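K.L.:
Below you'll find entry.cif; it's mmCIF, C-alpha atoms and all ligand atoms.
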data_coords
loop_
_atom_site.label_atom_id
_atom_site.label_comp_id
_atom_site.auth_asym_id
_atom_site.auth_seq_id
_atom_site.Cartn_x
_atom_site.Cartn_y
_atom_site.Cartn_z
CA MET J 940 0.00 0.00 0.00
CA PRO J 941 1.72 3.26 -1.09
CA HIS J 942 2.26 5.99 1.52
CA GLN J 943 0.03 9.11 1.21
CA VAL J 944 2.90 11.24 -0.22
CA ASP J 945 3.59 8.59 -2.85
CA LYS J 946 -0.11 8.46 -3.68
CA ILE J 947 -0.06 12.18 -4.50
CA ASP J 948 2.86 11.48 -6.81
CA ILE J 949 1.18 8.50 -8.43
CA ALA J 950 -2.03 10.51 -8.98
CA ALA J 951 0.00 13.32 -10.60
CA SER J 952 1.72 10.85 -12.96
CA MET J 953 -1.61 9.28 -13.89
CA ILE J 954 -3.01 12.73 -14.70
CA LEU J 955 0.02 13.64 -16.81
CA GLU J 956 -0.29 10.39 -18.77
CA SER J 957 -3.98 11.03 -19.49
CA LYS J 958 -5.54 13.03 -22.30
CA ARG J 959 -9.25 12.97 -21.50
CA ILE J 960 -10.03 13.17 -17.81
CA VAL J 961 -13.55 13.12 -16.44
CA VAL J 962 -13.86 14.51 -12.92
CA PHE J 963 -16.84 13.25 -10.95
CA THR J 964 -17.79 15.11 -7.78
CA GLY J 965 -20.21 14.67 -4.90
CA ALA J 966 -21.28 16.56 -1.81
CA GLY J 967 -17.87 15.86 -0.18
CA ILE J 968 -16.05 18.39 -2.35
CA SER J 969 -18.31 21.18 -1.07
CA THR J 970 -18.25 20.44 2.69
CA GLU J 971 -15.11 22.61 2.94
CA SER J 972 -17.23 25.44 1.49
CA GLY J 973 -19.60 25.06 4.44
CA ILE J 974 -22.30 23.03 2.64
CA SER J 975 -23.38 19.92 4.56
CA ASP J 976 -23.28 16.59 2.76
CA PHE J 977 -26.02 13.98 3.14
CA ARG J 978 -24.33 11.08 4.87
CA SER J 979 -21.49 12.33 7.10
CA PRO J 980 -22.19 12.61 10.87
CA GLY J 981 -24.12 15.89 11.24
CA GLY J 982 -24.98 15.68 7.51
CA ILE J 983 -28.44 16.52 6.17
CA TRP J 984 -29.82 12.98 6.60
CA SER J 985 -28.94 13.00 10.31
CA ARG J 986 -31.33 15.99 10.65
CA PHE J 987 -34.05 15.05 8.13
CA ASP J 988 -35.69 11.81 7.00
CA PRO J 989 -35.01 11.32 3.26
CA GLY J 990 -38.26 9.33 2.92
CA GLU J 991 -40.20 12.55 3.59
CA PHE J 992 -38.76 14.35 0.59
CA THR J 993 -39.25 12.05 -2.36
CA PHE J 994 -40.74 13.38 -5.61
CA GLN J 995 -43.83 11.22 -5.09
CA LYS J 996 -44.39 12.80 -1.66
CA PHE J 997 -44.01 16.26 -3.18
CA LEU J 998 -46.74 15.48 -5.72
CA SER J 999 -49.00 13.76 -3.20
CA SER J 1000 -50.33 16.65 -1.07
CA GLN J 1001 -50.18 20.35 -0.26
CA GLN J 1002 -48.92 19.43 3.23
CA SER J 1003 -45.98 17.47 1.78
CA ARG J 1004 -45.13 20.35 -0.56
CA GLU J 1005 -45.13 22.76 2.39
CA LYS J 1006 -42.83 20.43 4.31
CA TYR J 1007 -40.51 20.14 1.30
CA TRP J 1008 -40.25 23.92 0.97
CA GLU J 1009 -39.53 24.24 4.71
CA PHE J 1010 -36.70 21.68 4.35
CA SER J 1011 -35.35 23.24 1.19
CA THR J 1012 -35.52 26.76 2.64
CA SER J 1013 -33.56 25.61 5.70
CA THR J 1014 -30.72 24.18 3.58
CA TRP J 1015 -30.60 27.08 1.08
CA PRO J 1016 -28.79 29.79 3.13
CA GLU J 1017 -25.51 27.84 3.42
CA MET J 1018 -25.58 27.19 -0.31
CA ALA J 1019 -26.47 30.78 -1.21
CA VAL J 1020 -23.36 32.20 0.51
CA ALA J 1021 -20.92 29.35 -0.27
CA LYS J 1022 -17.69 30.15 -2.08
CA ARG J 1023 -15.46 27.79 -4.07
CA ASN J 1024 -12.79 26.06 -1.99
CA ARG J 1025 -9.28 24.76 -2.73
CA GLY J 1026 -10.65 21.51 -4.16
CA HIS J 1027 -12.93 23.27 -6.67
CA TYR J 1028 -10.10 25.63 -7.58
CA ALA J 1029 -7.63 22.77 -8.18
CA ILE J 1030 -10.09 21.19 -10.61
CA ALA J 1031 -10.49 24.52 -12.41
CA VAL J 1032 -6.69 24.75 -12.72
CA LEU J 1033 -6.54 21.25 -14.24
CA TYR J 1034 -9.23 22.35 -16.68
CA GLU J 1035 -7.14 25.42 -17.61
CA MET J 1036 -4.19 23.07 -18.22
CA GLY J 1037 -6.30 21.31 -20.86
CA LYS J 1038 -6.47 18.04 -18.96
CA ILE J 1039 -10.19 17.84 -18.26
CA ASP J 1040 -12.88 16.84 -20.72
CA CYS J 1041 -15.74 17.64 -18.34
CA VAL J 1042 -16.87 17.69 -14.73
CA ILE J 1043 -19.82 15.45 -13.93
CA THR J 1044 -21.29 16.56 -10.62
CA GLN J 1045 -24.01 15.31 -8.32
CA ASN J 1046 -23.87 18.69 -6.63
CA ILE J 1047 -26.55 21.29 -6.96
CA ASP J 1048 -24.52 24.22 -5.64
CA GLY J 1049 -22.95 25.62 -8.85
CA LEU J 1050 -19.49 25.90 -7.27
CA HIS J 1051 -17.61 24.33 -10.20
CA GLN J 1052 -18.97 27.03 -12.49
CA LYS J 1053 -18.14 29.68 -9.87
CA SER J 1054 -14.57 28.35 -9.71
CA GLY J 1055 -14.03 28.87 -13.45
CA VAL J 1056 -15.02 25.64 -15.22
CA PRO J 1057 -17.22 26.79 -18.14
CA GLU J 1058 -20.98 26.06 -17.78
CA GLU J 1059 -20.95 23.84 -20.88
CA ARG J 1060 -18.23 21.62 -19.36
CA VAL J 1061 -20.17 20.93 -16.14
CA ILE J 1062 -22.81 18.21 -16.28
CA GLU J 1063 -25.22 18.60 -13.36
CA LEU J 1064 -26.67 15.11 -12.95
CA HIS J 1065 -28.97 16.04 -10.09
CA GLY J 1066 -30.05 19.45 -11.32
CA THR J 1067 -29.36 22.75 -9.62
CA ALA J 1068 -30.54 24.59 -6.52
CA ARG J 1069 -29.89 27.92 -8.24
CA TRP J 1070 -33.19 27.76 -10.13
CA VAL J 1071 -36.80 26.89 -9.39
CA ASN J 1072 -39.06 25.15 -11.94
CA CYS J 1073 -42.80 25.24 -12.43
CA LEU J 1074 -43.82 21.59 -12.58
CA GLU J 1075 -46.76 22.44 -14.90
CA CYS J 1076 -45.37 24.69 -17.63
CA GLY J 1077 -41.62 24.38 -16.98
CA ARG J 1078 -41.02 28.15 -16.50
CA ARG J 1079 -37.77 28.80 -14.60
CA TYR J 1080 -37.23 31.39 -11.91
CA PRO J 1081 -34.01 32.43 -10.13
CA ARG J 1082 -33.90 30.81 -6.69
CA GLU J 1083 -33.22 34.10 -4.85
CA GLU J 1084 -36.44 35.60 -6.22
CA ILE J 1085 -38.54 32.64 -5.09
CA GLN J 1086 -36.88 32.45 -1.65
CA GLY J 1087 -37.88 36.11 -1.24
CA ARG J 1088 -41.50 35.13 -1.87
CA VAL J 1089 -41.22 32.24 0.60
CA ALA J 1090 -39.75 34.64 3.19
CA SER J 1091 -42.77 36.91 2.75
CA GLY J 1092 -45.19 34.09 3.54
CA GLU J 1093 -45.81 31.93 0.42
CA LYS J 1094 -45.61 28.42 1.83
CA VAL J 1095 -45.55 26.75 -1.61
CA PRO J 1096 -44.71 29.21 -4.37
CA HIS J 1097 -46.87 29.01 -7.52
CA CYS J 1098 -46.03 29.97 -11.08
CA ASP J 1099 -46.96 33.50 -12.26
CA SER J 1100 -47.76 32.17 -15.73
CA CYS J 1101 -49.90 29.11 -15.07
CA GLY J 1102 -50.42 28.82 -11.29
CA GLY J 1103 -48.62 25.44 -11.14
CA ALA J 1104 -46.71 24.34 -8.02
CA MET J 1105 -43.00 25.09 -8.15
CA LYS J 1106 -40.01 23.10 -6.92
CA PRO J 1107 -36.28 23.83 -6.84
CA ALA J 1108 -34.68 22.51 -10.06
CA THR J 1109 -32.98 19.67 -8.21
CA ILE J 1110 -33.62 15.98 -8.81
CA SER J 1111 -35.32 14.48 -5.76
CA PHE J 1112 -35.32 10.78 -4.92
CA GLY J 1113 -37.94 9.16 -7.14
CA GLN J 1114 -37.78 11.93 -9.76
CA PRO J 1115 -36.68 10.96 -13.29
CA MET J 1116 -33.04 11.76 -14.08
CA PRO J 1117 -32.49 14.53 -16.65
CA GLU J 1118 -32.23 12.61 -19.93
CA LYS J 1119 -29.79 14.79 -21.84
CA GLU J 1120 -27.36 15.16 -18.92
CA THR J 1121 -27.47 11.45 -18.07
CA ARG J 1122 -26.79 10.41 -21.68
CA GLU J 1123 -23.98 12.93 -22.01
CA ALA J 1124 -22.41 11.82 -18.70
CA GLU J 1125 -22.53 8.17 -19.79
CA ARG J 1126 -21.00 9.00 -23.17
CA ARG J 1127 -18.15 11.01 -21.67
CA SER J 1128 -17.51 8.44 -18.93
CA ALA J 1129 -17.17 5.76 -21.61
CA GLY J 1130 -14.81 7.97 -23.64
CA CYS J 1131 -12.35 9.12 -20.99
CA ASP J 1132 -8.95 7.62 -20.17
CA LEU J 1133 -8.95 8.67 -16.50
CA PHE J 1134 -11.96 8.99 -14.22
CA LEU J 1135 -11.32 10.99 -11.06
CA VAL J 1136 -13.86 10.80 -8.23
CA ALA J 1137 -13.68 13.60 -5.66
CA GLY J 1138 -15.85 13.57 -2.53
CA SER J 1139 -18.62 11.09 -3.21
CA SER J 1140 -19.93 8.15 -1.19
CA LEU J 1141 -20.70 6.44 -4.56
CA VAL J 1142 -23.93 4.94 -3.30
CA VAL J 1143 -26.48 7.04 -5.22
CA TYR J 1144 -27.50 5.44 -8.54
CA PRO J 1145 -27.47 5.85 -11.49
CA ALA J 1146 -24.72 8.44 -10.81
CA ALA J 1147 -22.52 5.84 -9.08
CA GLN J 1148 -22.58 3.75 -12.26
CA MET J 1149 -20.39 6.31 -14.10
CA PRO J 1150 -17.03 5.22 -12.59
CA LEU J 1151 -17.86 1.62 -13.47
CA THR J 1152 -18.78 2.59 -17.03
CA ALA J 1153 -15.41 4.36 -17.34
CA LYS J 1154 -13.54 1.40 -15.89
CA ASP J 1155 -15.34 -1.07 -18.19
CA SER J 1156 -14.32 1.09 -21.15
CA GLY J 1157 -10.64 0.90 -20.21
CA ALA J 1158 -10.14 4.10 -18.19
CA LYS J 1159 -8.05 4.30 -15.03
CA LEU J 1160 -9.94 5.17 -11.84
CA ILE J 1161 -8.83 7.39 -8.95
CA ILE J 1162 -11.07 7.89 -5.90
CA ILE J 1163 -10.43 10.67 -3.39
CA ASN J 1164 -12.86 10.51 -0.46
CA LEU J 1165 -12.64 10.81 3.31
CA GLU J 1166 -14.02 7.32 3.85
CA PRO J 1167 -14.19 4.04 1.92
CA THR J 1168 -16.69 3.66 -0.92
CA PRO J 1169 -18.16 0.49 -2.44
CA HIS J 1170 -16.11 1.13 -5.62
CA ASP J 1171 -12.68 1.29 -3.93
CA ARG J 1172 -11.89 -2.27 -5.00
CA TYR J 1173 -12.21 -1.30 -8.70
CA ALA J 1174 -9.96 1.75 -8.33
CA ASP J 1175 -6.34 1.98 -9.49
CA LEU J 1176 -5.68 4.47 -6.69
CA VAL J 1177 -7.68 5.42 -3.58
CA ILE J 1178 -6.79 8.43 -1.43
CA TYR J 1179 -8.57 8.85 1.92
CA GLU J 1180 -8.12 12.58 2.38
CA LYS J 1181 -10.00 15.86 2.21
CA THR J 1182 -10.38 16.94 -1.41
CA GLY J 1183 -9.29 20.45 -0.38
CA GLU J 1184 -5.99 18.95 0.83
CA ALA J 1185 -5.30 16.26 -1.76
CA LEU J 1186 -6.33 17.99 -4.99
CA PRO J 1187 -4.13 21.13 -4.63
CA GLN J 1188 -1.14 18.91 -3.77
CA ILE J 1189 -1.78 16.73 -6.80
CA VAL J 1190 -2.12 19.73 -9.12
CA ALA J 1191 1.09 21.28 -7.73
CA ARG J 1192 2.88 17.97 -8.41
CA VAL J 1193 1.48 17.83 -11.95
CA LYS J 1194 2.93 21.30 -12.57
CA ASP J 1195 6.34 20.28 -11.11
CA LYS J 1196 6.52 17.17 -13.23
CA ARG J 1197 5.48 19.02 -16.38
CA GLU J 1198 8.28 21.51 -15.94
CA LYS J 1199 10.94 18.82 -15.51
P1 LIG J 1201 -22.88 11.95 0.20
O1 LIG J 1201 -23.39 12.93 1.19
O2 LIG J 1201 -23.56 10.67 0.02
O3 LIG J 1201 -21.34 11.59 0.51
C1 LIG J 1201 -20.36 12.54 0.60
C2 LIG J 1201 -19.03 11.83 0.80
O4 LIG J 1201 -18.03 12.81 0.87
C3 LIG J 1201 -18.96 11.01 2.09
O5 LIG J 1201 -18.50 9.71 1.80
C4 LIG J 1201 -17.95 11.78 2.96
O6 LIG J 1201 -17.12 10.94 3.73
C5 LIG J 1201 -17.14 12.49 1.93
N1 LIG J 1201 -16.57 13.76 2.35
C6 LIG J 1201 -17.11 14.71 3.16
N2 LIG J 1201 -16.29 15.78 3.23
C7 LIG J 1201 -15.21 15.49 2.46
C8 LIG J 1201 -14.03 16.20 2.11
N3 LIG J 1201 -13.77 17.43 2.58
N4 LIG J 1201 -13.14 15.60 1.27
C9 LIG J 1201 -13.37 14.34 0.79
N5 LIG J 1201 -14.48 13.64 1.08
C10 LIG J 1201 -15.39 14.21 1.89
O7 LIG J 1201 -22.77 12.76 -1.13
P2 LIG J 1201 -22.87 12.23 -2.60
O8 LIG J 1201 -22.15 10.97 -2.82
O9 LIG J 1201 -22.56 13.40 -3.45
O10 LIG J 1201 -24.44 11.91 -2.63
C11 LIG J 1201 -25.15 12.34 -3.60
C12 LIG J 1201 -26.28 13.29 -3.25
O11 LIG J 1201 -25.99 14.37 -2.36
C13 LIG J 1201 -26.59 13.95 -4.54
O12 LIG J 1201 -27.90 13.66 -4.89
C14 LIG J 1201 -26.41 15.45 -4.33
O13 LIG J 1201 -27.40 16.13 -5.07
C15 LIG J 1201 -26.60 15.59 -2.87
N6 LIG J 1201 -26.03 16.74 -2.17
C16 LIG J 1201 -25.39 17.76 -2.81
C17 LIG J 1201 -24.86 18.81 -2.08
C18 LIG J 1201 -24.18 19.94 -2.79
O14 LIG J 1201 -24.60 20.33 -3.88
N7 LIG J 1201 -23.11 20.50 -2.23
C19 LIG J 1201 -24.97 18.81 -0.68
C20 LIG J 1201 -25.65 17.73 -0.07
C21 LIG J 1201 -26.17 16.70 -0.83
#
Please express the file's structure as structure tokens.
Ligand code: NAD
P.N.:
Amino acid sequence: MPHQVDKIDIAASMILESKRIVVFTGAGISTESGISDFRSPGGIWSRFDPGEFTFQKFLSSQQSREKYWEFSTSTWPEMAVAKRNRGHYAIAVLYEMGKIDCVITQNIDGLHQKSGVPEERVIELHGTARWVNCLECGRRYPREEIQGRVASGEKVPHCDSCGGAMKPATISFGQPMPEKETREAERRSAGCDLFLVAGSSLVVYPAAQMPLTAKDSGAKLIIINLEPTPHDRYADLVIYEKTGEALPQIVARVKDKREK
């Protein structure tokens, strides 16, 4: 088992040898920006019951929709003020270096785009919290505007155009995955030569299938996560470390090696 310092070196060499890297991120990359993840101690699912916030529940009654908006409103403030961290920035630097084909993210916080990865190179598999959708006519509203309406007493905001119930543009459990994004993520996972996971428990499907798709298509796999994941045994390299620690070190080593 290589020592942690050697692992940074090995990761840097793997990155240098690769031409089309897909980076795959989860809630873990944003905890250092102050956004709670779902499954860590103190994470969102230790405070809320996920079974209460499925898409089917949302559709089932006014009471469930009110509860959903209460939950979503309570988690929004930390996301609204969050800034990119060292992990996001390191990925943006790798993008600038021409190493990254795209970032596939399960995150809904928009921090990859804020850190400088172009919008069209970020595939948001689980939607975004930055927008709110009308479930009837599909009209989109900026989240800030709708949170303002919630703050002034609307328990479940309704669409100005058609009166339909509105929901943040995130993909809830039980809600169909966005077709275009899912297809594109599968295609790019199958076409990369290195798949780099950063901060994901790799238990939410179909997202967690992407590293396996990449591996089956011949790519190398690196996983950086604080704790073990079910896919560790398929990985060529696993680093148990904060993404905000490991990624900047890896990128610095890539630069060193490139200059030699
Ligand atoms: P998860 O909550 O299931 O797991 C996060 C993983 O990251 C855990 O294994 C944890 O040990 C690890 N981790 C925590 N902090 C870390 C750090 N600093 N460095 C490295 N690893 C760290 O998250 P997931 O796998 O992304 O689960 C997917 C679901 O969570 C998605 O549906 C996503 O929409 C949602 N989610 C997103 C956000 C966000 O947008 N920031 C926040 C919470 C939940």
K.L.:
Using the file's own x, y and z axes, so that the box edges lie along x, y and z, what centre and edge lengths in Å (one decimal) does a box around every listed atom of ligand LIG 1201 (chain J) get when 3 Å is added on each side? Give it as JSON.
P.N.:
{"center_x": -20.5, "center_y": 15.1, "center_z": -0.7, "size_x": 20.8, "size_y": 16.8, "size_z": 14.8}
K.L.:
Would you list the residues that come within 8 Å of ligand LIG 1201 (chain J)? Count only C-alpha atoms and all ligand atoms and give the answer as a PyMOL selection string.
P.N.:
chain J and resi 964-971+974-979+982-983+1018+1044-1049+1064-1068+1109-1112+1137-1143+1163-1168+1179-1184
K.L.:
Please list as a count of residues only every residue within 12 Å of Gln1052 (chain J), counting all atoms listed in the file and excluding residues in the same chain fewer than 5 positions away.
P.N.:
22
K.L.:
Which residue, J:Arg1079, J:Ile1162, J:Asn1072, J:Gly1055, has the smallest gap to Asn1024 (chain J) when you use only C-alpha atoms?
P.N.:
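Distance minimum relative to Asn1024 (chain J) lands on J:Gly1055.
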K.L.:
How many Å lie between CA of Pro1107 (chain J) and CA of Ser985 (chain J), rounded to one decimal?
P.N.:
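Computed distance, CA of Pro1107 (chain J) to CA of Ser985 (chain J), equals 21.6 Å.
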K.L.:
Would you mind telling me which residue in J:Val944, J:Ala1021, J:Leu955, J:Val1136 lies nearest to Asp1195 (chain J) when using only C-alpha atoms?
P.N.:
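Comparing J:Val944, J:Ala1021, J:Leu955, J:Val1136 against Asp1195 (chain J), the winner is J:Leu955.
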K.L.:
Have a look at J:Ala1174, J:Cys1076, J:Ile1161, J:Leu1050 and name the one nearest to Gly1102 (chain J); count all atoms listed in the file.
P.N.:
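Nearest to Gly1102 (chain J): J:Cys1076.
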K.L.:
Mind running region 1045-1092 of chain J against region 989-1008 of chain J at 10 Å and telling me each contacting residue's nearest atom pair with the distance in Å (one decimal), counting only C-alpha atoms, chain and number ascending, as CSV?
P.N.:
residue,atom,partner,partner_atom,distance
J:Leu1074,CA,J:Leu998,CA,9.6
J:Gln1086,CA,J:Trp1008,CA,9.5
J:Val1089,CA,J:Trp1008,CA,8.4
K.L.:
Report the closest atom pair, with its distance in Å rounded to one decimal, for each residue of region 1078-1148 of chain J that has an atom no farther than 10 Å from region 950-954 of chain J; count all atoms listed in the file, sort by chain and then rising residue number, and write it as a Markdown table.
P.N.:
| residue | atom | partner | partner_atom | distance |
| --- | --- | --- | --- | --- |
| J:Asp1132 | CA | J:Ile954 | CA | 9.6 |
| J:Leu1133 | CA | J:Ile954 | CA | 7.4 |
| J:Phe1134 | CA | J:Ile954 | CA | 9.7 |
| J:Leu1135 | CA | J:Ile954 | CA | 9.2 |
K.L.:
Could you tell me how far CA of Leu1186 (chain J) sits from CA of Ala1029 (chain J), in Å to one decimal place?
P.N.:
5.9 Å
K.L.:
Between J:Asp945, J:Glu1035, J:Asp1040, J:Glu1083, which has the minimum distance to Ala1019 (chain J) (counting all atoms listed in the file)?
P.N.:
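Answer, going by the shortest atom-to-atom distance: J:Glu1083.
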